[in-house]
$ cat data_19.txt   # compact mmCIF, C-alpha atoms
# COMPACT_ATOMS: atom_id res chain seq x y z
CA MET A 19 -62.90 -17.44 17.66
CA LEU A 20 -61.97 -20.69 15.92
CA ASP A 21 -60.16 -20.44 12.60
CA LEU A 22 -62.75 -21.56 10.03
CA TYR A 23 -60.04 -21.86 7.39
CA ASP A 24 -57.94 -24.32 9.41
CA PRO A 25 -58.12 -27.71 7.64
CA THR A 26 -57.61 -29.44 11.02
CA ALA A 27 -60.38 -27.59 12.86
CA ASP A 28 -62.93 -29.67 14.78
CA ARG A 29 -65.96 -27.48 14.01
CA TYR A 30 -67.10 -25.40 11.06
CA TRP A 31 -70.75 -24.88 11.99
CA ALA A 32 -72.77 -24.84 15.19
CA ASP A 33 -74.77 -28.05 15.63
CA ASP A 34 -77.60 -25.99 17.13
CA HIS A 35 -77.52 -23.33 14.41
CA PRO A 36 -81.05 -21.86 14.08
CA VAL A 37 -81.24 -22.92 10.41
CA LEU A 38 -80.40 -26.54 11.26
CA GLU A 39 -82.81 -26.54 14.18
CA LEU A 40 -85.67 -25.21 12.02
CA ILE A 41 -84.95 -27.81 9.31
CA ARG A 42 -84.98 -30.64 11.86
CA SER A 43 -88.14 -29.42 13.59
CA ARG A 44 -90.01 -29.18 10.29
CA ARG A 45 -88.78 -32.62 9.29
CA ASP A 46 -90.06 -34.02 12.58
CA ALA A 47 -93.40 -32.22 12.16
CA GLY A 48 -93.83 -33.66 8.66
CA THR A 49 -95.30 -30.46 7.24
CA GLY A 50 -94.84 -29.00 3.77
CA PRO A 51 -94.81 -25.58 2.09
CA GLY A 52 -97.88 -23.58 3.09
CA ASP A 53 -98.52 -25.79 6.12
CA HIS A 54 -95.62 -24.73 8.36
CA ASP A 55 -97.11 -22.90 11.33
CA ASP A 56 -93.96 -21.69 13.03
CA GLY A 57 -93.87 -18.05 11.93
CA HIS A 58 -90.68 -18.49 9.89
CA ARG A 59 -89.82 -18.38 6.20
CA LEU A 60 -87.09 -20.89 5.32
CA GLY A 61 -85.25 -20.33 2.06
CA LEU A 62 -82.84 -22.58 0.18
CA ALA A 63 -80.21 -20.72 -1.87
CA VAL A 64 -78.36 -22.74 -4.52
CA GLU A 65 -75.14 -21.52 -6.12
CA GLY A 66 -73.86 -22.90 -9.42
CA GLY A 67 -70.68 -22.15 -11.31
CA GLY A 68 -70.57 -24.25 -14.46
CA VAL A 69 -69.37 -27.79 -13.77
CA ARG A 70 -68.67 -26.73 -10.17
CA GLY A 71 -72.44 -26.95 -9.80
CA VAL A 72 -71.90 -30.66 -9.09
CA VAL A 73 -71.20 -29.54 -5.51
CA SER A 74 -74.63 -27.98 -4.92
CA ALA A 75 -76.25 -30.81 -6.90
CA ALA A 76 -74.77 -33.32 -4.46
CA MET A 77 -75.86 -31.25 -1.46
CA LEU A 78 -79.41 -31.16 -2.83
CA THR A 79 -79.25 -34.91 -3.32
CA ALA A 80 -78.33 -35.30 0.35
CA LEU A 81 -81.29 -33.12 1.37
CA ASP A 82 -83.54 -35.25 -0.83
CA ASP A 83 -82.12 -38.49 0.56
CA LEU A 84 -82.87 -37.22 4.07
CA GLY A 85 -86.48 -36.41 3.13
CA LEU A 86 -86.05 -32.65 3.51
CA ARG A 87 -87.48 -31.29 0.27
CA PRO A 88 -90.81 -30.28 1.92
CA VAL A 89 -89.22 -28.19 4.69
CA PHE A 90 -88.40 -25.19 2.47
CA ASP A 91 -90.83 -22.38 1.75
CA ALA A 92 -88.85 -20.97 -1.16
CA ILE A 93 -85.89 -21.85 -3.39
CA TYR A 94 -83.51 -19.29 -4.91
CA SER A 95 -80.95 -20.22 -7.54
CA CYS A 96 -78.63 -19.09 -10.29
CA SER A 97 -76.42 -20.49 -13.06
CA SER A 98 -76.04 -24.30 -13.05
CA GLY A 99 -77.43 -24.16 -9.51
CA ALA A 100 -80.75 -23.13 -11.06
CA VAL A 101 -80.88 -26.37 -13.07
CA ASN A 102 -79.95 -28.32 -9.93
CA ALA A 103 -82.68 -26.56 -7.98
CA ALA A 104 -85.22 -27.24 -10.75
CA PHE A 105 -84.55 -30.97 -10.57
CA PHE A 106 -84.78 -30.84 -6.77
CA THR A 107 -88.07 -28.94 -6.97
CA ALA A 108 -89.43 -31.37 -9.55
CA GLY A 109 -88.75 -34.26 -7.18
CA ASP A 110 -85.68 -35.83 -8.77
CA THR A 111 -82.06 -35.37 -7.70
CA TRP A 112 -79.75 -38.38 -7.74
CA TYR A 113 -80.36 -39.37 -11.35
CA PRO A 114 -79.85 -35.83 -12.68
CA LEU A 115 -76.73 -35.48 -10.51
CA THR A 116 -75.13 -37.99 -12.86
CA ILE A 117 -75.44 -35.40 -15.65
CA TYR A 118 -72.20 -33.88 -14.37
CA PHE A 119 -70.12 -37.03 -14.71
CA ASP A 120 -72.05 -38.77 -17.49
CA ASP A 121 -72.88 -35.90 -19.83
CA LEU A 122 -70.90 -32.77 -18.94
CA SER A 123 -67.41 -34.24 -18.54
CA THR A 124 -67.15 -34.53 -22.31
CA LYS A 125 -65.97 -32.29 -25.14
CA ARG A 126 -69.56 -32.09 -26.36
CA PHE A 127 -70.16 -29.74 -23.42
CA VAL A 128 -66.74 -28.29 -22.52
CA ASP A 129 -64.06 -27.75 -25.15
CA MET A 130 -61.53 -24.99 -24.57
CA ARG A 131 -60.36 -25.27 -28.19
CA ARG A 132 -63.63 -23.69 -29.34
CA PHE A 133 -62.50 -20.43 -27.75
CA LEU A 134 -59.91 -20.05 -30.52
CA THR A 135 -62.65 -20.04 -33.16
CA ARG A 136 -64.98 -17.78 -31.13
CA ARG A 137 -67.43 -20.58 -30.51
CA PRO A 138 -68.95 -21.29 -27.07
CA VAL A 139 -66.60 -23.14 -24.73
CA LEU A 140 -69.75 -24.36 -22.94
CA ASN A 141 -72.37 -25.84 -25.28
CA LEU A 142 -75.73 -24.81 -23.80
CA ASP A 143 -77.62 -26.12 -26.85
CA TYR A 144 -76.39 -29.61 -26.01
CA VAL A 145 -77.46 -29.24 -22.37
CA PHE A 146 -80.92 -27.74 -22.83
CA ASP A 147 -82.02 -29.25 -26.15
CA GLU A 148 -80.58 -32.73 -25.75
CA VAL A 149 -79.58 -33.67 -22.19
CA LEU A 150 -82.48 -32.02 -20.35
CA GLU A 151 -84.99 -33.00 -23.04
CA THR A 152 -84.17 -36.61 -23.89
CA VAL A 153 -81.15 -37.97 -22.00
CA LYS A 154 -82.15 -37.03 -18.44
CA PRO A 155 -85.38 -35.07 -18.92
CA LEU A 156 -86.26 -32.27 -16.53
CA ASP A 157 -89.93 -32.32 -15.55
CA TYR A 158 -90.64 -28.65 -16.19
CA GLU A 159 -94.34 -29.07 -15.45
CA ASN A 160 -93.63 -30.34 -11.94
CA VAL A 161 -91.43 -27.32 -11.29
CA LEU A 162 -94.23 -25.02 -12.39
CA LYS A 163 -96.67 -26.77 -10.03
CA THR A 164 -94.47 -26.70 -6.94
CA PRO A 165 -96.13 -25.35 -3.76
CA ALA A 166 -92.81 -23.76 -2.80
CA SER A 167 -91.74 -20.53 -4.46
CA PHE A 168 -89.10 -21.25 -7.12
CA GLN A 169 -86.95 -18.28 -8.11
CA VAL A 170 -84.20 -18.04 -10.71
CA ALA A 171 -81.69 -15.19 -10.83
CA VAL A 172 -81.19 -13.68 -14.29
CA THR A 173 -78.90 -10.73 -15.07
CA LEU A 174 -80.68 -8.28 -17.35
CA VAL A 175 -77.86 -6.79 -19.42
CA ASP A 176 -79.29 -3.49 -20.63
CA GLU A 177 -81.06 -2.75 -17.33
CA LEU A 178 -77.89 -3.63 -15.34
CA GLU A 179 -79.91 -5.45 -12.70
CA THR A 180 -80.57 -8.87 -11.26
CA ALA A 181 -84.09 -10.15 -11.75
CA GLY A 182 -85.32 -12.81 -9.36
CA VAL A 183 -87.88 -14.48 -11.60
CA ALA A 184 -90.61 -16.63 -10.02
CA ASP A 185 -93.66 -16.03 -12.24
CA PHE A 186 -92.87 -18.57 -14.96
CA SER A 187 -95.91 -19.13 -17.15
CA SER A 188 -94.93 -22.20 -19.19
CA LYS A 189 -92.26 -24.77 -19.88
CA ALA A 190 -90.83 -22.56 -22.64
CA ASP A 191 -90.66 -19.56 -20.29
CA LEU A 192 -88.98 -21.57 -17.53
CA LYS A 193 -86.53 -23.18 -19.96
CA GLU A 194 -85.58 -19.77 -21.33
CA GLY A 195 -85.04 -18.44 -17.80
CA LEU A 196 -82.83 -21.36 -16.79
CA ARG A 197 -80.82 -21.08 -19.98
CA ALA A 198 -80.31 -17.33 -19.50
CA SER A 199 -79.17 -17.89 -15.91
CA CYS A 200 -76.53 -20.34 -17.21
CA TRP A 201 -75.22 -17.97 -19.91
CA LEU A 202 -71.70 -17.58 -18.54
CA PRO A 203 -69.97 -14.62 -20.25
CA VAL A 204 -66.75 -15.45 -22.13
CA ALA A 205 -67.44 -19.20 -21.96
CA VAL A 206 -70.64 -18.46 -23.93
CA PRO A 207 -70.11 -15.43 -26.24
CA GLY A 208 -72.41 -12.44 -26.24
CA ALA A 209 -75.68 -12.52 -24.34
CA GLY A 210 -78.71 -14.78 -24.24
CA ARG A 211 -82.35 -13.72 -24.32
CA PHE A 212 -85.07 -13.79 -21.70
CA ARG A 213 -88.56 -12.43 -22.42
CA GLY A 214 -87.18 -10.35 -25.25
CA ARG A 215 -84.35 -8.81 -23.26
CA ARG A 216 -80.62 -9.52 -23.29
CA ALA A 217 -79.64 -11.66 -20.33
CA VAL A 218 -76.62 -13.49 -18.90
CA ASP A 219 -75.61 -15.58 -15.89
CA GLY A 220 -77.68 -14.74 -12.83
CA GLY A 221 -74.56 -14.48 -10.67
CA VAL A 222 -72.93 -11.61 -12.57
CA LEU A 223 -74.39 -8.74 -10.52
CA THR A 224 -75.54 -10.75 -7.49
CA ALA A 225 -72.76 -13.18 -6.70
CA HIS A 226 -74.85 -15.60 -4.61
CA PRO A 227 -78.63 -16.16 -4.56
CA TYR A 228 -78.76 -16.12 -0.74
CA ALA A 229 -79.07 -12.34 -1.22
CA LEU A 230 -82.35 -12.90 -3.10
CA ALA A 231 -83.66 -14.97 -0.19
CA LEU A 232 -82.95 -12.18 2.29
CA ARG A 233 -84.46 -9.61 -0.08
CA ASP A 234 -87.58 -11.80 -0.27
CA GLY A 235 -88.05 -11.77 3.49
CA CYS A 236 -86.66 -15.15 4.53
CA THR A 237 -85.96 -15.39 8.25
CA HIS A 238 -83.76 -18.49 7.81
CA VAL A 239 -81.64 -19.45 4.79
CA LEU A 240 -79.70 -22.61 4.03
CA SER A 241 -77.08 -21.41 1.56
CA LEU A 242 -75.28 -23.93 -0.66
CA SER A 243 -71.91 -22.62 -1.87
CA THR A 244 -69.75 -24.45 -4.39
CA LYS A 245 -66.33 -22.98 -3.54
CA PRO A 246 -64.50 -24.51 -0.57
CA LEU A 247 -64.53 -22.82 2.81
CA ARG A 248 -61.37 -20.75 2.51
CA ARG A 249 -60.21 -17.24 3.26
CA PRO A 250 -61.80 -14.91 0.68
CA PRO A 251 -59.35 -13.50 -1.91
CA THR A 252 -58.03 -9.99 -1.46
CA GLY A 253 -59.20 -9.00 -4.93
CA PRO A 254 -60.33 -10.32 -8.31
CA SER A 255 -58.06 -12.72 -10.16
CA ALA A 256 -56.59 -11.91 -13.58
CA GLY A 257 -59.19 -14.21 -15.13
CA ARG A 258 -62.06 -12.35 -13.48
CA ARG A 259 -60.65 -9.00 -14.58
CA LEU A 260 -60.51 -10.29 -18.15
CA SER A 261 -64.10 -11.49 -17.84
CA ALA A 262 -65.10 -8.05 -16.59
CA ALA A 263 -63.39 -6.39 -19.57
CA TYR A 264 -65.31 -8.70 -21.91
CA MET A 265 -68.62 -7.90 -20.18
CA GLU A 266 -67.89 -4.20 -20.40
CA ARG A 267 -67.85 -4.59 -24.19
CA ILE A 268 -71.26 -6.27 -24.08
CA ARG A 269 -72.73 -3.37 -22.11
CA ALA A 270 -70.98 -0.41 -20.52
CA GLY A 271 -71.22 -0.83 -16.76
CA LEU A 272 -71.76 -4.59 -16.80
CA GLY A 273 -68.12 -5.48 -16.20
CA ARG A 274 -67.77 -2.78 -13.57
CA GLY A 275 -70.90 -4.05 -11.85
CA TYR A 276 -69.51 -7.57 -11.93
CA LEU A 277 -66.31 -6.52 -10.15
CA GLU A 278 -68.30 -4.50 -7.60
CA SER A 279 -70.50 -7.54 -6.94
CA LEU A 280 -67.42 -9.70 -6.36
CA GLU A 281 -66.05 -7.15 -3.91
CA ARG A 282 -69.34 -7.01 -1.99
CA TYR A 283 -69.53 -10.77 -1.84
CA ARG A 284 -65.94 -11.03 -0.62
CA HIS A 285 -66.99 -9.21 2.56
CA GLN A 286 -70.38 -10.89 2.72
CA ARG A 287 -68.96 -14.40 2.58
CA ARG A 288 -66.47 -13.67 5.34
CA ARG A 289 -69.42 -12.53 7.47
CA LEU A 290 -71.46 -15.58 6.51
CA GLN A 291 -68.60 -17.86 7.48
CA GLU A 292 -68.23 -16.18 10.85
CA ARG A 293 -71.94 -16.75 11.50
CA MET A 294 -71.65 -20.48 10.91
CA LEU A 295 -70.41 -20.84 14.51
CA GLU A 296 -71.90 -17.66 15.99
CA PRO A 297 -75.29 -17.14 14.28
CA GLY A 298 -76.04 -13.77 15.84
CA GLU A 299 -79.53 -12.35 15.30
CA ALA A 300 -82.14 -13.05 12.62
CA PRO A 301 -82.20 -13.34 9.68
CA TYR A 302 -80.10 -16.46 10.04
CA VAL A 303 -77.98 -17.80 7.17
CA LEU A 304 -76.03 -21.07 7.29
CA ASP A 305 -73.60 -21.19 4.37
CA LEU A 306 -72.46 -24.76 3.75
CA ALA A 307 -69.62 -25.51 1.33
CA PRO A 308 -66.84 -28.04 0.74
CA LEU A 309 -64.49 -27.95 3.73
CA PRO A 310 -60.97 -26.44 3.65
CA TRP A 311 -59.09 -29.66 2.87
CA MET A 312 -61.39 -30.54 -0.04
CA ALA A 313 -60.27 -29.81 -3.59
CA GLU A 314 -62.15 -27.20 -5.61
CA VAL A 315 -64.01 -28.29 -8.75
CA ASN A 316 -63.32 -25.84 -11.59
CA ARG A 317 -66.02 -24.18 -13.72
CA GLN A 318 -64.88 -26.05 -16.85
CA GLU A 319 -63.69 -29.23 -15.09
CA THR A 320 -63.50 -32.33 -17.30
CA SER A 321 -61.70 -34.74 -14.95
CA LEU A 322 -64.23 -37.43 -14.11
CA ASP A 323 -62.37 -38.30 -10.90
CA LYS A 324 -62.42 -34.69 -9.64
CA ILE A 325 -66.10 -34.27 -10.47
CA MET A 326 -67.12 -37.48 -8.70
CA THR A 327 -64.91 -36.73 -5.69
CA GLY A 328 -66.49 -33.30 -5.42
CA ALA A 329 -69.95 -34.87 -5.46
CA ARG A 330 -69.11 -37.47 -2.84
CA GLN A 331 -67.49 -35.01 -0.44
CA SER A 332 -70.26 -32.43 -0.77
CA HIS A 333 -72.95 -35.04 -0.10
CA SER A 334 -71.08 -35.94 3.10
CA VAL A 335 -70.83 -32.31 4.25
CA MET A 336 -74.59 -31.80 3.96
CA ALA A 337 -75.46 -35.12 5.60
CA ALA A 338 -73.04 -34.46 8.47
CA ALA A 339 -74.49 -30.99 9.12
CA ILE A 340 -78.08 -32.21 9.18
CA GLU A 341 -77.36 -35.28 11.31
CA GLY A 342 -75.06 -33.52 13.77
CA VAL A 343 -71.92 -35.46 12.82
CA PRO A 344 -68.62 -33.68 13.70
CA ALA A 345 -66.72 -32.45 10.66
CA ALA A 346 -63.61 -34.20 11.99
CA GLN A 347 -65.31 -37.52 11.27
CA VAL A 348 -65.78 -36.49 7.65
CA ARG A 349 -62.13 -35.52 7.39
CA ASP A 350 -60.69 -38.74 8.84
CA GLY A 351 -63.12 -41.04 7.03
CA ARG A 352 -65.14 -42.22 10.02
CA PHE A 353 -68.24 -40.72 8.39
CA ALA A 354 -69.14 -40.82 4.72
CA SER A 355 -72.41 -40.71 2.83
CA LEU A 356 -73.38 -41.60 -0.69
CA PRO A 357 -76.50 -40.89 -2.76
CA ARG A 358 -79.18 -43.52 -2.87
CA PHE A 359 -78.74 -46.04 -5.64
CA VAL A 360 -81.55 -45.61 -8.13
CA THR A 361 -82.32 -47.91 -11.05
CA VAL A 362 -83.78 -46.20 -14.11
CA GLN A 363 -85.14 -48.06 -17.10
CA ARG A 364 -86.65 -46.23 -20.04
CA SER A 365 -88.77 -47.75 -22.77
CA ARG A 366 -87.58 -47.93 -26.36
CA ALA A 367 -90.25 -45.35 -27.25
CA ASP A 368 -88.90 -42.97 -24.60
CA ARG A 369 -85.33 -43.37 -25.88
CA HIS A 370 -86.28 -42.62 -29.47
CA GLY A 371 -88.92 -39.95 -28.82

$ encode --input "data_19.txt" --output "C-alpha cells"
Amino acid sequence: MLDLYDPTADRYWADDHPVLELIRSRRDAGTGPGDHDDGHRLGLAVEGGGVRGVVSAAMLTALDDLGLRPVFDAIYSCSSGAVNAAFFTAGDTWYPLTIYFDDLSTKRFVDMRRFLTRRPVLNLDYVFDEVLETVKPLDYENVLKTPASFQVAVTLVDELETAGVADFSSKADLKEGLRASCWLPVAVPGAGRFRGRRAVDGGVLTAHPYALALRDGCTHVLSLSTKPLRRPPTGPSAGRRLSAAYMERIRAGLGRGYLESLERYRHQRRRLQERMLEPGEAPYVLDLAPLPWMAEVNRQETSLDKIMTGARQSHSVMAAAIEGVPAAQVRDGRFASLPRFVTVQRSRADRHG
C-alpha cells in the first residue's frame, strides 16, 4: 500500500472513491435534499478546532464554489466547524471565511495573557454577540429552514455524553447550541450552558463528527478534517493531558472520557486514511485534510499569513479532489484554487443597527 504520510506521494485518495462518485452524480443530476432518488444518504462532517477551523471553512467554500451545497442530505459539525457549517447551510461561505483572518486573528478574540488572570483565552462573547450579529451576520433563520438535516455536537458535562442536536426551535436555541459546541475547555474556563444543562466543546467525547454521521445511518460521508494528513500520534501530548486534568475538575470522568475519545480516534483516523485509497465496503467515508507537506494551523493561531495560507491550501485540496486533479499538481503549484471574489456593501443603517 502507498504511504499516505509521504509528502512526495502521487496519490492520497482514489479518484473513483464512492463518496466522490456520489457527489459528482448528484451534482450532474441537479437534485437537492429530499429529491435524491439513489437510495443513499450522503453526510457532510465538519471538524473545527478553534482558529484551525479556517481549514474546514475553506473546504466548505470550495464545495460552495463548485455548486455542491445541495448534494448533501445531512450536515454534522462541532466546535468552530459548527459555525462554518451553519454559514454553509445558510447559503454563505466565502464572506464568513474572512472572519478567521479579519476578526479572529486579533487579541480581541485570542489573547494568551488572559490565561494569567483566569479570563477566557478565547472570547466567545466577541464572536457570538458582535461578529456573528453585526460584523458578518449569520442568517440563523435560513439555517433553521434548511431542507437538509443540520446537526451540532454538544458535550453534555454532567451526563458525560455527546448530544447530536438537530431539533433547534429558534435562533436563540441554535445560537446557544453553537456557542456550547465552541466552548473549548481551558481556553474558555468552566462550562457553558445548553438548554439548562452544562455543556462544552462538542469534540470532547466524540473527537470528530463523522461518527455522528455513521450513527445517523449515512451510507456515504465526506469528512472534513483540520489537522494535516500525518501519522497519528502514539499518545496524548502533555498539553492534552493537562486539558484532561482540567476537565476532570469540572466533572469527574470528563477528562478520562476525553483521553479515551482521543485514543479511539487515533485508531479510527488511521483506518479512515487507509480507506482514502481502498474504500472497502459501505458505509464509505472519505476523510479530506491538508496534505502532509502543508503546515498545521494552531487552535489559537494569530499569524495572519499562516491563517490565510491554511485557507488557500485547504480550498485547493477540496477542489482537486472533486475535480479529479492529482495531488502532485497541488504540491508543485500546477494547480491552485481560490475562493470566488465577492463584493459586499452594507447600508449605513445595517452598520449601525

$ residues_around --input "data_19.txt" --residues "Met130 of chain A" --least-positions-apart "5" --cutoff "12 Å" --atoms "all atoms listed in the file" --output "ChimeraX atom specification"
/A:124-125,135-141,204-206,317-320

$ residues_around --input "data_19.txt" --residues "Val343 of chain A" --least-positions-apart "5" --cutoff "10 Å" --atoms "only C-alpha atoms" --output "list in words"
Asp33, Ser334, Val335, Met336, Ala337, Ala338, Val348, Arg352 and Phe353 of chain A

$ write_last_selection --input "data_19.txt" --atoms "C-alpha atoms" --output "PDB file, in the frame of the given file"
ATOM      1  CA  ASP A  33     -74.770 -28.050  15.630  1.00  0.00           C
ATOM      2  CA  SER A 334     -71.080 -35.940   3.100  1.00  0.00           C
ATOM      3  CA  VAL A 335     -70.830 -32.310   4.250  1.00  0.00           C
ATOM      4  CA  MET A 336     -74.590 -31.800   3.960  1.00  0.00           C
ATOM      5  CA  ALA A 337     -75.460 -35.120   5.600  1.00  0.00           C
ATOM      6  CA  ALA A 338     -73.040 -34.460   8.470  1.00  0.00           C
ATOM      7  CA  VAL A 348     -65.780 -36.490   7.650  1.00  0.00           C
ATOM      8  CA  ARG A 352     -65.140 -42.220  10.020  1.00  0.00           C
ATOM      9  CA  PHE A 353     -68.240 -40.720   8.390  1.00  0.00           C
TER      10      PHE A 353
END

$ atom_distance --input "data_19.txt" --atom1 "atom CA of Ala231 of chain A" --atom2 "atom CA of Ala47 of chain A"
23.3 Å

$ closest_residue --input "data_19.txt" --among "A:Val161, A:Leu178, A:Leu38, A:Val170" --to "Arg269 of chain A" --atoms "only C-alpha atoms"
A:Leu178

$ closest_atom_pairs --input "data_19.txt" --of "segment 225-244 of chain A" --to "segment 52-69 of chain A" --cutoff "8 Å" --atoms "all atoms listed in the file" --output "tab-separated table"
residue	atom	partner	partner_atom	distance
A:His226	CA	A:Glu65	CA	6.1
A:Pro227	CA	A:Ala63	CA	5.5
A:Tyr228	CA	A:Ala63	CA	5.0
A:Ala231	CA	A:Gly61	CA	6.0
A:Gly235	CA	A:Arg59	CA	7.4
A:Cys236	CA	A:Arg59	CA	4.8
A:Thr237	CA	A:Arg59	CA	5.3
A:His238	CA	A:Leu60	CA	4.8
A:Val239	CA	A:Gly61	CA	4.6
A:Leu240	CA	A:Leu62	CA	5.0
A:Ser241	CA	A:Ala63	CA	4.7
A:Leu242	CA	A:Val64	CA	5.1
A:Ser243	CA	A:Glu65	CA	5.5
A:Thr244	CA	A:Glu65	CA	6.4

$ write_last_selection --input "data_19.txt" --atoms "C-alpha atoms" --output "PDB file, in the frame of the given file"
ATOM      1  CA  HIS A 226     -74.850 -15.600  -4.610  1.00  0.00           C
ATOM      2  CA  PRO A 227     -78.630 -16.160  -4.560  1.00  0.00           C
ATOM      3  CA  TYR A 228     -78.760 -16.120  -0.740  1.00  0.00           C
ATOM      4  CA  ALA A 231     -83.660 -14.970  -0.190  1.00  0.00           C
ATOM      5  CA  GLY A 235     -88.050 -11.770   3.490  1.00  0.00           C
ATOM      6  CA  CYS A 236     -86.660 -15.150   4.530  1.00  0.00           C
ATOM      7  CA  THR A 237     -85.960 -15.390   8.250  1.00  0.00           C
ATOM      8  CA  HIS A 238     -83.760 -18.490   7.810  1.00  0.00           C
ATOM      9  CA  VAL A 239     -81.640 -19.450   4.790  1.00  0.00           C
ATOM     10  CA  LEU A 240     -79.700 -22.610   4.030  1.00  0.00           C
ATOM     11  CA  SER A 241     -77.080 -21.410   1.560  1.00  0.00           C
ATOM     12  CA  LEU A 242     -75.280 -23.930  -0.660  1.00  0.00           C
ATOM     13  CA  SER A 243     -71.910 -22.620  -1.870  1.00  0.00           C
ATOM     14  CA  THR A 244     -69.750 -24.450  -4.390  1.00  0.00           C
TER      15      THR A 244
END

$ closest_atom_pairs --input "data_19.txt" --of "segment 31-59 of chain A" --to "segment 285-294 of chain A" --cutoff "8 Å" --atoms "all atoms listed in the file" --output "tab-separated table"
residue	atom	partner	partner_atom	distance
A:Trp31	CA	A:Met294	CA	4.6
A:Ala32	CA	A:Met294	CA	6.2
A:His35	CA	A:Met294	CA	7.4

$ atom_distance --input "data_19.txt" --atom1 "atom CA of Val218 of chain A" --atom2 "atom CA of Ser98 of chain A"
12.3 Å

$ atom_distance --input "data_19.txt" --atom1 "atom CA of Leu86 of chain A" --atom2 "atom CA of Arg248 of chain A"
27.4 Å

$ closest_residue --input "data_19.txt" --among "A:Ala300, A:Ala313, A:Leu260, A:Val153" --to "Pro203 of chain A" --atoms "all atoms listed in the file"
A:Leu260

$ residues_near_point --input "data_19.txt" --point "(-82.2, -38.1, -15.3)" --cutoff "9 Å" --atoms "all atoms listed in the file" --output "VMD selection string"
chain A and resid 105 110 to 117 149 to 150 152 to 156 362

$ closest_residue --input "data_19.txt" --among "A:Val37, A:Leu223, A:Leu202, A:Leu230" --to "Gly182 of chain A" --atoms "only C-alpha atoms"
A:Leu230

$ closest_residue --input "data_19.txt" --among "A:Arg70, A:Asp234, A:Asp157, A:Leu247" --to "Met312 of chain A" --atoms "only C-alpha atoms"
A:Leu247

$ closest_residue --input "data_19.txt" --among "A:Arg358, A:Lys245, A:Arg213, A:Lys324" --to "Val183 of chain A" --atoms "only C-alpha atoms"
A:Arg213

$ axis_aligned_box --input "data_19.txt" --around "segment 50-54 of chain A" --padding-each-side "5 Å" --output "AutoDock Vina command-line options"
--center_x -96.7 --center_y -26.3 --center_z 5.2 --size_x 13.7 --size_y 15.4 --size_z 16.3

$ residues_near_point --input "data_19.txt" --point "(-61.2, -9.8, -8.8)" --cutoff "12 Å" --atoms "all atoms listed in the file" --output "PyMOL selection string"
chain A and resi 250-263+273-284

$ decode --input "data_19.txt" --residues "segment 89-93 of chain A" --atoms "all heavy atoms" --output "mmCIF file, in the first residue's frame"
data_model
loop_
_atom_site.group_PDB
_atom_site.id
_atom_site.type_symbol
_atom_site.label_atom_id
_atom_site.label_comp_id
_atom_site.auth_asym_id
_atom_site.auth_seq_id
_atom_site.Cartn_x
_atom_site.Cartn_y
_atom_site.Cartn_z
ATOM 1 N N VAL A 89 -26.052 18.737 -2.648
ATOM 2 C CA VAL A 89 -25.883 17.285 -2.797
ATOM 3 C C VAL A 89 -25.970 16.537 -1.476
ATOM 4 O O VAL A 89 -26.159 15.319 -1.466
ATOM 5 C CB VAL A 89 -24.542 16.932 -3.499
ATOM 6 C CG1 VAL A 89 -24.422 17.674 -4.812
ATOM 7 C CG2 VAL A 89 -23.335 17.202 -2.607
ATOM 8 N N PHE A 90 -25.858 17.237 -0.353
ATOM 9 C CA PHE A 90 -25.799 16.569 0.957
ATOM 10 C C PHE A 90 -27.180 16.436 1.586
ATOM 11 O O PHE A 90 -27.977 17.371 1.570
ATOM 12 C CB PHE A 90 -24.863 17.329 1.891
ATOM 13 C CG PHE A 90 -23.452 17.406 1.377
ATOM 14 C CD1 PHE A 90 -22.991 18.557 0.744
ATOM 15 C CD2 PHE A 90 -22.605 16.323 1.491
ATOM 16 C CE1 PHE A 90 -21.699 18.633 0.248
ATOM 17 C CE2 PHE A 90 -21.305 16.381 0.999
ATOM 18 C CZ PHE A 90 -20.849 17.531 0.365
ATOM 19 N N ASP A 91 -27.433 15.271 2.164
ATOM 20 C CA ASP A 91 -28.687 15.038 2.868
ATOM 21 C C ASP A 91 -28.639 15.554 4.300
ATOM 22 O O ASP A 91 -29.675 15.917 4.863
ATOM 23 C CB ASP A 91 -28.995 13.530 2.911
ATOM 24 C CG ASP A 91 -29.165 12.944 1.527
ATOM 25 O OD1 ASP A 91 -30.119 13.338 0.843
ATOM 26 O OD2 ASP A 91 -28.333 12.104 1.128
ATOM 27 N N ALA A 92 -27.442 15.560 4.890
ATOM 28 C CA ALA A 92 -27.321 15.936 6.290
ATOM 29 C C ALA A 92 -25.923 16.475 6.557
ATOM 30 O O ALA A 92 -24.951 16.067 5.914
ATOM 31 C CB ALA A 92 -27.603 14.741 7.197
ATOM 32 N N ILE A 93 -25.845 17.389 7.527
ATOM 33 C CA ILE A 93 -24.577 18.024 7.893
ATOM 34 C C ILE A 93 -24.364 17.843 9.389
ATOM 35 O O ILE A 93 -25.269 18.104 10.191
ATOM 36 C CB ILE A 93 -24.583 19.512 7.511
ATOM 37 C CG1 ILE A 93 -24.768 19.669 6.002
ATOM 38 C CG2 ILE A 93 -23.286 20.199 7.956
ATOM 39 C CD1 ILE A 93 -24.996 21.097 5.543
#
